[in-house]
$ cat work13.cif   # mmCIF, C-alpha atoms
data_final
#
loop_
_atom_site.label_atom_id
_atom_site.label_comp_id
_atom_site.auth_asym_id
_atom_site.auth_seq_id
_atom_site.Cartn_x
_atom_site.Cartn_y
_atom_site.Cartn_z
CA MET G 440 118.13 188.86 -138.32
CA SER G 441 118.57 187.39 -141.79
CA GLY G 442 116.75 185.20 -144.26
CA SER G 443 114.10 185.58 -146.91
CA ILE G 444 110.37 186.04 -147.13
CA ILE G 445 108.54 184.57 -150.10
CA ILE G 446 105.05 186.02 -150.38
CA VAL G 447 102.53 184.29 -152.62
CA ARG G 448 99.26 185.78 -153.75
CA HIS G 449 96.48 183.18 -153.60
CA GLY G 450 95.21 181.51 -156.77
CA ARG G 451 92.22 182.74 -158.73
CA THR G 452 88.65 182.78 -157.44
CA GLU G 453 85.35 183.47 -159.18
CA PHE G 454 85.47 187.06 -157.89
CA ASN G 455 88.94 187.53 -159.39
CA ALA G 456 87.75 186.13 -162.70
CA THR G 457 84.80 188.52 -162.84
CA GLY G 458 86.67 191.65 -161.65
CA ARG G 459 84.89 192.00 -158.31
CA LEU G 460 86.35 193.59 -155.17
CA GLN G 461 87.15 190.67 -152.91
CA GLY G 462 88.17 191.62 -149.43
CA ARG G 463 86.79 189.54 -146.59
CA THR G 464 84.37 187.47 -148.71
CA ASP G 465 85.61 183.93 -148.07
CA ASN G 466 85.58 182.50 -151.59
CA PRO G 467 87.34 179.25 -152.51
CA LEU G 468 89.73 178.88 -155.41
CA ASP G 469 88.11 178.16 -158.75
CA VAL G 470 89.41 175.49 -161.15
CA VAL G 471 92.07 177.83 -162.53
CA GLY G 472 93.04 178.88 -159.00
CA ARG G 473 93.56 175.30 -157.88
CA ALA G 474 95.78 174.67 -160.89
CA GLN G 475 97.72 177.85 -160.10
CA ALA G 476 98.23 176.75 -156.50
CA ASP G 477 99.60 173.41 -157.67
CA ALA G 478 101.90 175.15 -160.15
CA VAL G 479 103.28 177.49 -157.48
CA ALA G 480 103.79 174.53 -155.14
CA THR G 481 105.78 172.66 -157.79
CA TYR G 482 107.78 175.78 -158.65
CA LEU G 483 108.73 176.54 -155.04
CA ALA G 484 109.25 172.92 -153.92
CA PRO G 485 113.05 172.88 -154.53
CA GLU G 486 113.41 175.89 -152.18
CA LEU G 487 111.39 174.45 -149.30
CA LEU G 488 113.44 173.06 -146.44
CA SER G 489 112.42 171.31 -143.26
CA ASP G 490 112.82 174.53 -141.28
CA THR G 491 110.83 176.74 -143.69
CA LEU G 492 108.13 178.75 -141.95
CA PHE G 493 104.65 178.80 -143.47
CA VAL G 494 102.31 181.68 -142.64
CA CYS G 495 98.90 182.36 -144.11
CA SER G 496 95.90 184.67 -144.11
CA PRO G 497 92.84 183.09 -142.48
CA LEU G 498 90.75 183.32 -145.66
CA LEU G 499 89.95 180.09 -147.52
CA ARG G 500 91.50 181.06 -150.86
CA ALA G 501 94.82 181.76 -149.14
CA ARG G 502 94.63 178.63 -146.99
CA GLN G 503 93.96 176.44 -150.01
CA THR G 504 96.96 177.92 -151.82
CA ALA G 505 99.17 177.63 -148.74
CA THR G 506 98.15 174.03 -148.16
CA ALA G 507 99.21 173.06 -151.69
CA ILE G 508 102.65 174.57 -151.05
CA ALA G 509 103.18 173.40 -147.46
CA GLU G 510 102.22 169.81 -148.29
CA ARG G 511 105.34 169.61 -150.48
CA ALA G 512 107.42 170.20 -147.35
CA GLY G 513 105.25 168.19 -144.97
CA ALA G 514 104.85 171.38 -142.96
CA THR G 515 102.11 172.97 -140.91
CA ILE G 516 100.75 176.45 -141.54
CA GLU G 517 100.45 179.29 -139.06
CA ILE G 518 97.41 181.52 -139.50
CA ASP G 519 98.16 185.22 -138.99
CA GLU G 520 95.16 187.56 -139.15
CA ARG G 521 97.44 190.47 -140.07
CA TRP G 522 97.85 189.04 -143.58
CA ILE G 523 94.10 189.17 -144.33
CA GLU G 524 92.90 191.20 -147.32
CA LEU G 525 91.85 194.84 -147.08
CA ASP G 526 88.26 195.26 -145.91
CA TYR G 527 86.31 196.89 -148.75
CA GLY G 528 83.32 197.56 -146.50
CA SER G 529 80.21 198.54 -148.44
CA TYR G 530 82.07 198.17 -151.77
CA GLU G 531 82.69 194.48 -151.17
CA GLY G 532 81.61 192.35 -154.13
CA LEU G 533 81.19 195.26 -156.54
CA ARG G 534 82.80 195.04 -159.94
CA GLN G 535 85.68 197.48 -160.08
CA ALA G 536 83.90 199.39 -162.84
CA GLU G 537 80.90 199.88 -160.52
CA VAL G 538 82.90 201.88 -158.00
CA PRO G 539 82.39 205.62 -158.74
CA SER G 540 85.37 207.37 -160.32
CA ASN G 541 85.49 209.95 -157.51
CA VAL G 542 85.91 207.13 -155.01
CA TRP G 543 88.89 205.75 -156.92
CA ARG G 544 90.31 209.29 -157.03
CA ASP G 545 89.94 209.69 -153.27
CA TRP G 546 91.44 206.25 -152.68
CA ARG G 547 94.49 207.06 -154.81
CA ASN G 548 95.05 210.48 -153.23
CA ASP G 549 94.52 209.65 -149.55
CA ASN G 550 96.02 206.62 -147.80
CA ASP G 551 93.60 207.22 -144.92
CA PHE G 552 90.54 206.94 -147.18
CA ALA G 553 88.33 203.93 -146.45
CA ALA G 554 85.08 202.66 -147.90
CA PRO G 555 82.12 202.90 -145.50
CA GLN G 556 82.63 200.19 -142.85
CA GLY G 557 85.95 199.43 -144.55
CA GLU G 558 89.67 199.79 -143.98
CA SER G 559 92.23 202.29 -145.25
CA LEU G 560 95.53 201.52 -146.95
CA ASN G 561 97.36 202.96 -143.95
CA GLN G 562 95.55 200.54 -141.64
CA VAL G 563 96.61 197.64 -143.84
CA GLN G 564 100.14 199.04 -144.00
CA GLN G 565 100.44 199.20 -140.22
CA ARG G 566 99.30 195.64 -139.56
CA VAL G 567 101.39 194.19 -142.39
CA ALA G 568 104.51 196.12 -141.32
CA ASP G 569 104.04 194.71 -137.81
CA ALA G 570 103.69 191.20 -139.27
CA CYS G 571 106.81 191.67 -141.42
CA ASN G 572 108.87 192.98 -138.50
CA ASP G 573 107.80 190.04 -136.34
CA LEU G 574 108.58 187.55 -139.10
CA ALA G 575 111.98 189.12 -139.82
CA GLN G 576 112.93 188.63 -136.17
CA ARG G 577 112.08 184.92 -136.40
CA LEU G 578 113.95 184.05 -139.60
CA ASN G 579 117.44 183.36 -138.23
CA GLY G 580 118.71 182.48 -141.68
CA ARG G 581 115.57 180.63 -142.69
CA THR G 582 112.97 181.19 -145.38
CA ALA G 583 109.34 182.04 -144.65
CA VAL G 584 106.56 181.45 -147.16
CA VAL G 585 103.56 183.73 -146.64
CA VAL G 586 100.32 183.31 -148.59
CA SER G 587 98.22 186.45 -148.66
CA HIS G 588 96.33 188.90 -150.87
CA VAL G 589 97.05 191.77 -153.20
CA SER G 590 96.79 194.69 -150.73
CA PRO G 591 98.84 193.12 -147.92
CA ILE G 592 101.50 192.02 -150.41
CA LYS G 593 101.78 195.56 -151.74
CA SER G 594 102.08 196.75 -148.13
CA ALA G 595 104.91 194.28 -147.57
CA VAL G 596 106.63 195.72 -150.65
CA ALA G 597 106.22 199.22 -149.19
CA TRP G 598 107.73 197.94 -145.92
CA ALA G 599 110.73 196.49 -147.75
CA LEU G 600 111.28 199.65 -149.79
CA GLY G 601 110.72 202.02 -146.86
CA VAL G 602 107.98 203.93 -148.68
CA ASP G 603 104.33 204.61 -147.92
CA ALA G 604 101.30 202.58 -148.99
CA SER G 605 100.65 204.67 -152.10
CA VAL G 606 103.34 202.70 -153.96
CA GLY G 607 100.71 200.00 -154.33
CA TRP G 608 98.90 202.05 -156.96
CA LYS G 609 102.05 201.87 -159.10
CA THR G 610 102.29 198.09 -158.98
CA GLN G 611 100.31 195.16 -160.32
CA LEU G 612 100.13 191.63 -158.96
CA VAL G 613 98.53 188.73 -160.80
CA THR G 614 96.95 185.82 -158.95
CA ALA G 615 99.38 183.16 -157.74
CA SER G 616 102.33 185.51 -158.22
CA ILE G 617 105.43 185.47 -156.04
CA THR G 618 107.15 188.39 -154.32
CA ARG G 619 110.52 187.93 -152.63
CA ILE G 620 112.05 190.03 -149.86
CA SER G 621 115.50 189.44 -148.41
CA VAL G 622 116.21 190.39 -144.82
CA SER G 623 119.67 191.15 -143.44
CA ALA G 624 121.38 193.28 -140.83
CA ASN G 625 121.08 196.12 -143.34
CA GLY G 626 117.31 195.81 -143.44
CA ALA G 627 114.84 194.46 -145.99
CA ALA G 628 115.20 194.54 -149.77
CA LEU G 629 112.78 193.65 -152.55
CA THR G 630 114.41 191.01 -154.77
CA SER G 631 111.52 189.85 -156.97
CA PHE G 632 107.99 191.07 -157.73
CA ASN G 633 105.06 189.56 -159.65
CA GLU G 634 107.12 186.44 -160.41
CA VAL G 635 104.99 183.73 -162.04
CA ALA G 636 105.56 179.99 -161.79
CA ARG G 637 106.80 178.55 -165.06
#

$ encode --input "work13.cif" --output "structure tokens"
Amino acid sequence: MSGSIIIVRHGRTEFNATGRLQGRTDNPLDVVGRAQADAVATYLAPELLSDTLFVCSPLLRARQTATAIAERAGATIEIDERWIELDYGSYEGLRQAEVPSNVWRDWRNDNDFAAPQGESLNQVQQRVADACNDLAQRLNGRTAVVVSHVSPIKSAVAWALGVDASVGWKTQLVTASITRISVSANGAALTSFNEVAR
């Protein structure tokens, strides 16, 4: 069990640009997001080999970003539902400033807190940890590129560090950023976070 996992946050969407909570809303990339996806694809192209695995959230913004990257390697993309964004439930689409301060407090203090009809950080953590464990078993010295969203990526970081989901509140990920995790017989290790294509 060895190799590396490169996790890319999708490019920008209109919701990202306007500071709205964007969970399961299936928005496309905006003009900036498409340019970001192309930039990430160019940046990662030298690292992509014929045996690189490509995994993606089912949401359009992730698929568009993943397609830009995978096309450089002539590869196909596997869709894995476990990499989908956190479900914000009834808060979906709200501007972050519109969410009551007590809700943010509860969210930060309780990993089991979920918006009405939504999903908790611990639920995201469990599904992403399962996805990471499965992917680690498949690497066999290879690299996997995963395109996902901010909450699942932070959960993958927690998995690599062996800490709980609350670490996500202490981290920040910009759109189209890159997170790298190495996997070896000694376990997983975070090697890069919030890396931006130059």

$ atom_distance --input "work13.cif" --atom1 "atom CA of G:Asn572" --atom2 "atom CA of G:Asn548"
26.7 Å

$ closest_atom_pairs --input "work13.cif" --of "stretch 472-567 of chain G" --to "stretch 443-457 of chain G" --cutoff "10 Å" --atoms "only C-alpha atoms" --output "JSON lines"
{"residue": "G:Gly472", "atom": "CA", "partner": "G:Arg451", "partner_atom": "CA", "distance": 4.0}
{"residue": "G:Arg473", "atom": "CA", "partner": "G:Gly450", "partner_atom": "CA", "distance": 6.5}
{"residue": "G:Ala474", "atom": "CA", "partner": "G:Gly450", "partner_atom": "CA", "distance": 8.0}
{"residue": "G:Gln475", "atom": "CA", "partner": "G:Gly450", "partner_atom": "CA", "distance": 5.5}
{"residue": "G:Ala476", "atom": "CA", "partner": "G:Gly450", "partner_atom": "CA", "distance": 5.6}
{"residue": "G:Asp477", "atom": "CA", "partner": "G:Gly450", "partner_atom": "CA", "distance": 9.3}
{"residue": "G:Ala478", "atom": "CA", "partner": "G:Gly450", "partner_atom": "CA", "distance": 9.8}
{"residue": "G:Val479", "atom": "CA", "partner": "G:Val447", "partner_atom": "CA", "distance": 8.4}
{"residue": "G:Leu483", "atom": "CA", "partner": "G:Ile445", "partner_atom": "CA", "distance": 9.4}
{"residue": "G:Thr491", "atom": "CA", "partner": "G:Ile444", "partner_atom": "CA", "distance": 9.9}
{"residue": "G:Leu492", "atom": "CA", "partner": "G:Ile444", "partner_atom": "CA", "distance": 9.2}
{"residue": "G:Phe493", "atom": "CA", "partner": "G:Ile445", "partner_atom": "CA", "distance": 9.6}
{"residue": "G:Val494", "atom": "CA", "partner": "G:Ile446", "partner_atom": "CA", "distance": 9.3}
{"residue": "G:Cys495", "atom": "CA", "partner": "G:Val447", "partner_atom": "CA", "distance": 9.5}
{"residue": "G:Ser496", "atom": "CA", "partner": "G:His449", "partner_atom": "CA", "distance": 9.6}
{"residue": "G:Leu498", "atom": "CA", "partner": "G:His449", "partner_atom": "CA", "distance": 9.8}
{"residue": "G:Leu499", "atom": "CA", "partner": "G:His449", "partner_atom": "CA", "distance": 9.4}
{"residue": "G:Arg500", "atom": "CA", "partner": "G:His449", "partner_atom": "CA", "distance": 6.1}
{"residue": "G:Ala501", "atom": "CA", "partner": "G:His449", "partner_atom": "CA", "distance": 5.0}
{"residue": "G:Arg502", "atom": "CA", "partner": "G:His449", "partner_atom": "CA", "distance": 8.2}
{"residue": "G:Gln503", "atom": "CA", "partner": "G:His449", "partner_atom": "CA", "distance": 8.0}
{"residue": "G:Thr504", "atom": "CA", "partner": "G:His449", "partner_atom": "CA", "distance": 5.6}
{"residue": "G:Ala505", "atom": "CA", "partner": "G:His449", "partner_atom": "CA", "distance": 7.9}
{"residue": "G:Ile508", "atom": "CA", "partner": "G:Val447", "partner_atom": "CA", "distance": 9.8}
{"residue": "G:Gly532", "atom": "CA", "partner": "G:Phe454", "partner_atom": "CA", "distance": 7.6}
{"residue": "G:Leu533", "atom": "CA", "partner": "G:Phe454", "partner_atom": "CA", "distance": 9.3}
{"residue": "G:Arg534", "atom": "CA", "partner": "G:Thr457", "partner_atom": "CA", "distance": 7.4}
{"residue": "G:Gln535", "atom": "CA", "partner": "G:Thr457", "partner_atom": "CA", "distance": 9.4}

$ resolve_selection --input "work13.cif" --expression "the PyMOL selection byres ((chain G and resi 556) around 7)" --output "list in words"
Gly528, Ser529, Ala554, Pro555 and Gly557 of chain G

$ residues_around --input "work13.cif" --residues "G:Gly462" --least-positions-apart "6" --cutoff "6 Å" --atoms "only C-alpha atoms" --output "compact mmCIF listing (two decimals) with C-alpha atoms, in the coordinates of the input"
# COMPACT_ATOMS: atom_id res chain seq x y z
CA GLU G 524 92.90 191.20 -147.32
CA LEU G 525 91.85 194.84 -147.08
CA ASP G 526 88.26 195.26 -145.91
CA TYR G 527 86.31 196.89 -148.75

$ closest_atom_pairs --input "work13.cif" --of "stretch 530-595 of chain G" --to "stretch 627-636 of chain G" --cutoff "10 Å" --atoms "only C-alpha atoms" --output "CSV"
residue,atom,partner,partner_atom,distance
G:Cys571,CA,G:Ala627,CA,9.7
G:Asn572,CA,G:Ala627,CA,9.7
G:Ala575,CA,G:Ala627,CA,8.6
G:Ile592,CA,G:Phe632,CA,9.8
G:Lys593,CA,G:Phe632,CA,9.7
G:Ala595,CA,G:Leu629,CA,9.3

$ write_last_selection --input "work13.cif" --atoms "C-alpha atoms" --output "short mmCIF file (atom, residue, chain, number, x, y, z; two decimals), keeping the file's coordinate frame"
data_model
loop_
_atom_site.label_atom_id
_atom_site.label_comp_id
_atom_site.auth_asym_id
_atom_site.auth_seq_id
_atom_site.Cartn_x
_atom_site.Cartn_y
_atom_site.Cartn_z
CA CYS G 571 106.81 191.67 -141.42
CA ASN G 572 108.87 192.98 -138.50
CA ALA G 575 111.98 189.12 -139.82
CA ILE G 592 101.50 192.02 -150.41
CA LYS G 593 101.78 195.56 -151.74
CA ALA G 595 104.91 194.28 -147.57
#

$ axis_aligned_box --input "work13.cif" --around "stretch 501-516 of chain G" --padding-each-side "5 Å" --output "AutoDock Vina command-line options"
--center_x 100.7 --center_y 175.0 --center_z -146.4 --size_x 23.5 --size_y 23.6 --size_z 20.9

$ atom_distance --input "work13.cif" --atom1 "atom CA of G:Ala484" --atom2 "atom CA of G:Ser616"
15.0 Å

$ resolve_selection --input "work13.cif" --expression "the PyMOL selection byres ((chain G and resi 622) around 6)" --output "list in words"
Ser441, Gly442, Ser443, Ser621, Ser623, Gly626 and Ala627 of chain G

$ resolve_selection --input "work13.cif" --expression "the PyMOL selection byres ((chain G and resi 563) around 9)" --output "PDB file with C-alpha atoms, keeping the file's coordinate frame"
ATOM      1  CA  ARG G 521      97.440 190.470-140.070  1.00  0.00           C
ATOM      2  CA  TRP G 522      97.850 189.040-143.580  1.00  0.00           C
ATOM      3  CA  ILE G 523      94.100 189.170-144.330  1.00  0.00           C
ATOM      4  CA  GLU G 524      92.900 191.200-147.320  1.00  0.00           C
ATOM      5  CA  LEU G 525      91.850 194.840-147.080  1.00  0.00           C
ATOM      6  CA  ASP G 526      88.260 195.260-145.910  1.00  0.00           C
ATOM      7  CA  GLU G 558      89.670 199.790-143.980  1.00  0.00           C
ATOM      8  CA  SER G 559      92.230 202.290-145.250  1.00  0.00           C
ATOM      9  CA  LEU G 560      95.530 201.520-146.950  1.00  0.00           C
ATOM     10  CA  ASN G 561      97.360 202.960-143.950  1.00  0.00           C
ATOM     11  CA  GLN G 562      95.550 200.540-141.640  1.00  0.00           C
ATOM     12  CA  GLN G 564     100.140 199.040-144.000  1.00  0.00           C
ATOM     13  CA  GLN G 565     100.440 199.200-140.220  1.00  0.00           C
ATOM     14  CA  ARG G 566      99.300 195.640-139.560  1.00  0.00           C
ATOM     15  CA  VAL G 567     101.390 194.190-142.390  1.00  0.00           C
ATOM     16  CA  ALA G 568     104.510 196.120-141.320  1.00  0.00           C
ATOM     17  CA  SER G 590      96.790 194.690-150.730  1.00  0.00           C
ATOM     18  CA  PRO G 591      98.840 193.120-147.920  1.00  0.00           C
ATOM     19  CA  SER G 594     102.080 196.750-148.130  1.00  0.00           C
ATOM     20  CA  ALA G 604     101.300 202.580-148.990  1.00  0.00           C
TER      21      ALA G 604
END

$ atom_distance --input "work13.cif" --atom1 "atom CA of G:Val584" --atom2 "atom CA of G:Leu487"
8.8 Å

$ closest_residue --input "work13.cif" --among "G:Ala507, G:Tyr482, G:Ala536, G:Val585" --to "G:Gly458" --atoms "all atoms listed in the file"
G:Ala536

$ closest_residue --input "work13.cif" --among "G:Ala615, G:Ser605, G:Arg463, G:Asp469" --to "G:Asp551" --atoms "all atoms listed in the file"
G:Ser605

$ closest_residue --input "work13.cif" --among "G:Met440, G:Val589, G:Asn625, G:Ala597" --to "G:Val613" --atoms "all atoms listed in the file"
G:Val589

$ build_atoms --input "work13.cif" --residues "stretch 614-635 of chain G" --atoms "N, CA and C atoms" --output "PDB file, in the frame of the given file"
ATOM      1  N   THR G 614      97.211 186.905-159.889  1.00  0.00           N
ATOM      2  CA  THR G 614      96.950 185.820-158.950  1.00  0.00           C
ATOM      3  C   THR G 614      98.070 184.786-159.025  1.00  0.00           C
ATOM      4  N   ALA G 615      98.353 184.198-157.886  1.00  0.00           N
ATOM      5  CA  ALA G 615      99.380 183.160-157.740  1.00  0.00           C
ATOM      6  C   ALA G 615     100.789 183.658-158.054  1.00  0.00           C
ATOM      7  N   SER G 616     100.999 184.960-157.985  1.00  0.00           N
ATOM      8  CA  SER G 616     102.330 185.510-158.220  1.00  0.00           C
ATOM      9  C   SER G 616     103.166 185.446-156.949  1.00  0.00           C
ATOM     10  N   ILE G 617     104.463 185.605-157.136  1.00  0.00           N
ATOM     11  CA  ILE G 617     105.430 185.470-156.040  1.00  0.00           C
ATOM     12  C   ILE G 617     106.214 186.769-155.894  1.00  0.00           C
ATOM     13  N   THR G 618     106.342 187.228-154.668  1.00  0.00           N
ATOM     14  CA  THR G 618     107.150 188.390-154.320  1.00  0.00           C
ATOM     15  C   THR G 618     108.205 187.928-153.325  1.00  0.00           C
ATOM     16  N   ARG G 619     109.426 188.365-153.521  1.00  0.00           N
ATOM     17  CA  ARG G 619     110.520 187.930-152.630  1.00  0.00           C
ATOM     18  C   ARG G 619     111.165 189.140-151.957  1.00  0.00           C
ATOM     19  N   ILE G 620     111.392 189.000-150.669  1.00  0.00           N
ATOM     20  CA  ILE G 620     112.050 190.030-149.860  1.00  0.00           C
ATOM     21  C   ILE G 620     113.182 189.379-149.096  1.00  0.00           C
ATOM     22  N   SER G 621     114.379 189.931-149.210  1.00  0.00           N
ATOM     23  CA  SER G 621     115.500 189.440-148.410  1.00  0.00           C
ATOM     24  C   SER G 621     115.624 190.305-147.159  1.00  0.00           C
ATOM     25  N   VAL G 622     116.051 189.693-146.098  1.00  0.00           N
ATOM     26  CA  VAL G 622     116.210 190.390-144.820  1.00  0.00           C
ATOM     27  C   VAL G 622     117.630 190.161-144.319  1.00  0.00           C
ATOM     28  N   SER G 623     118.310 191.249-143.964  1.00  0.00           N
ATOM     29  CA  SER G 623     119.670 191.150-143.440  1.00  0.00           C
ATOM     30  C   SER G 623     119.859 192.205-142.359  1.00  0.00           C
ATOM     31  N   ALA G 624     121.066 192.273-141.846  1.00  0.00           N
ATOM     32  CA  ALA G 624     121.380 193.280-140.830  1.00  0.00           C
ATOM     33  C   ALA G 624     121.210 194.690-141.391  1.00  0.00           C
ATOM     34  N   ASN G 625     121.257 194.821-142.695  1.00  0.00           N
ATOM     35  CA  ASN G 625     121.080 196.120-143.340  1.00  0.00           C
ATOM     36  C   ASN G 625     119.622 196.471-143.581  1.00  0.00           C
ATOM     37  N   GLY G 626     118.725 195.561-143.250  1.00  0.00           N
ATOM     38  CA  GLY G 626     117.310 195.810-143.440  1.00  0.00           C
ATOM     39  C   GLY G 626     116.711 194.884-144.485  1.00  0.00           C
ATOM     40  N   ALA G 627     115.554 195.265-145.002  1.00  0.00           N
ATOM     41  CA  ALA G 627     114.840 194.460-145.990  1.00  0.00           C
ATOM     42  C   ALA G 627     115.081 195.014-147.387  1.00  0.00           C
ATOM     43  N   ALA G 628     115.031 194.128-148.379  1.00  0.00           N
ATOM     44  CA  ALA G 628     115.200 194.540-149.770  1.00  0.00           C
ATOM     45  C   ALA G 628     114.290 193.700-150.651  1.00  0.00           C
ATOM     46  N   LEU G 629     113.624 194.343-151.588  1.00  0.00           N
ATOM     47  CA  LEU G 629     112.780 193.650-152.550  1.00  0.00           C
ATOM     48  C   LEU G 629     113.666 193.015-153.609  1.00  0.00           C
ATOM     49  N   THR G 630     113.544 191.698-153.796  1.00  0.00           N
ATOM     50  CA  THR G 630     114.410 191.010-154.770  1.00  0.00           C
ATOM     51  C   THR G 630     113.644 190.454-155.957  1.00  0.00           C
ATOM     52  N   SER G 631     112.324 190.321-155.845  1.00  0.00           N
ATOM     53  CA  SER G 631     111.520 189.850-156.970  1.00  0.00           C
ATOM     54  C   SER G 631     110.080 190.285-156.748  1.00  0.00           C
ATOM     55  N   PHE G 632     109.368 190.608-157.852  1.00  0.00           N
ATOM     56  CA  PHE G 632     107.990 191.070-157.730  1.00  0.00           C
ATOM     57  C   PHE G 632     107.182 190.546-158.910  1.00  0.00           C
ATOM     58  N   ASN G 633     105.985 190.052-158.616  1.00  0.00           N
ATOM     59  CA  ASN G 633     105.060 189.560-159.650  1.00  0.00           C
ATOM     60  C   ASN G 633     105.698 188.427-160.467  1.00  0.00           C
ATOM     61  N   GLU G 634     106.488 187.610-159.794  1.00  0.00           N
ATOM     62  CA  GLU G 634     107.120 186.440-160.410  1.00  0.00           C
ATOM     63  C   GLU G 634     106.036 185.362-160.593  1.00  0.00           C
ATOM     64  N   VAL G 635     106.028 184.726-161.751  1.00  0.00           N
ATOM     65  CA  VAL G 635     104.990 183.730-162.040  1.00  0.00           C
ATOM     66  C   VAL G 635     105.638 182.368-162.229  1.00  0.00           C
TER      67      VAL G 635
END
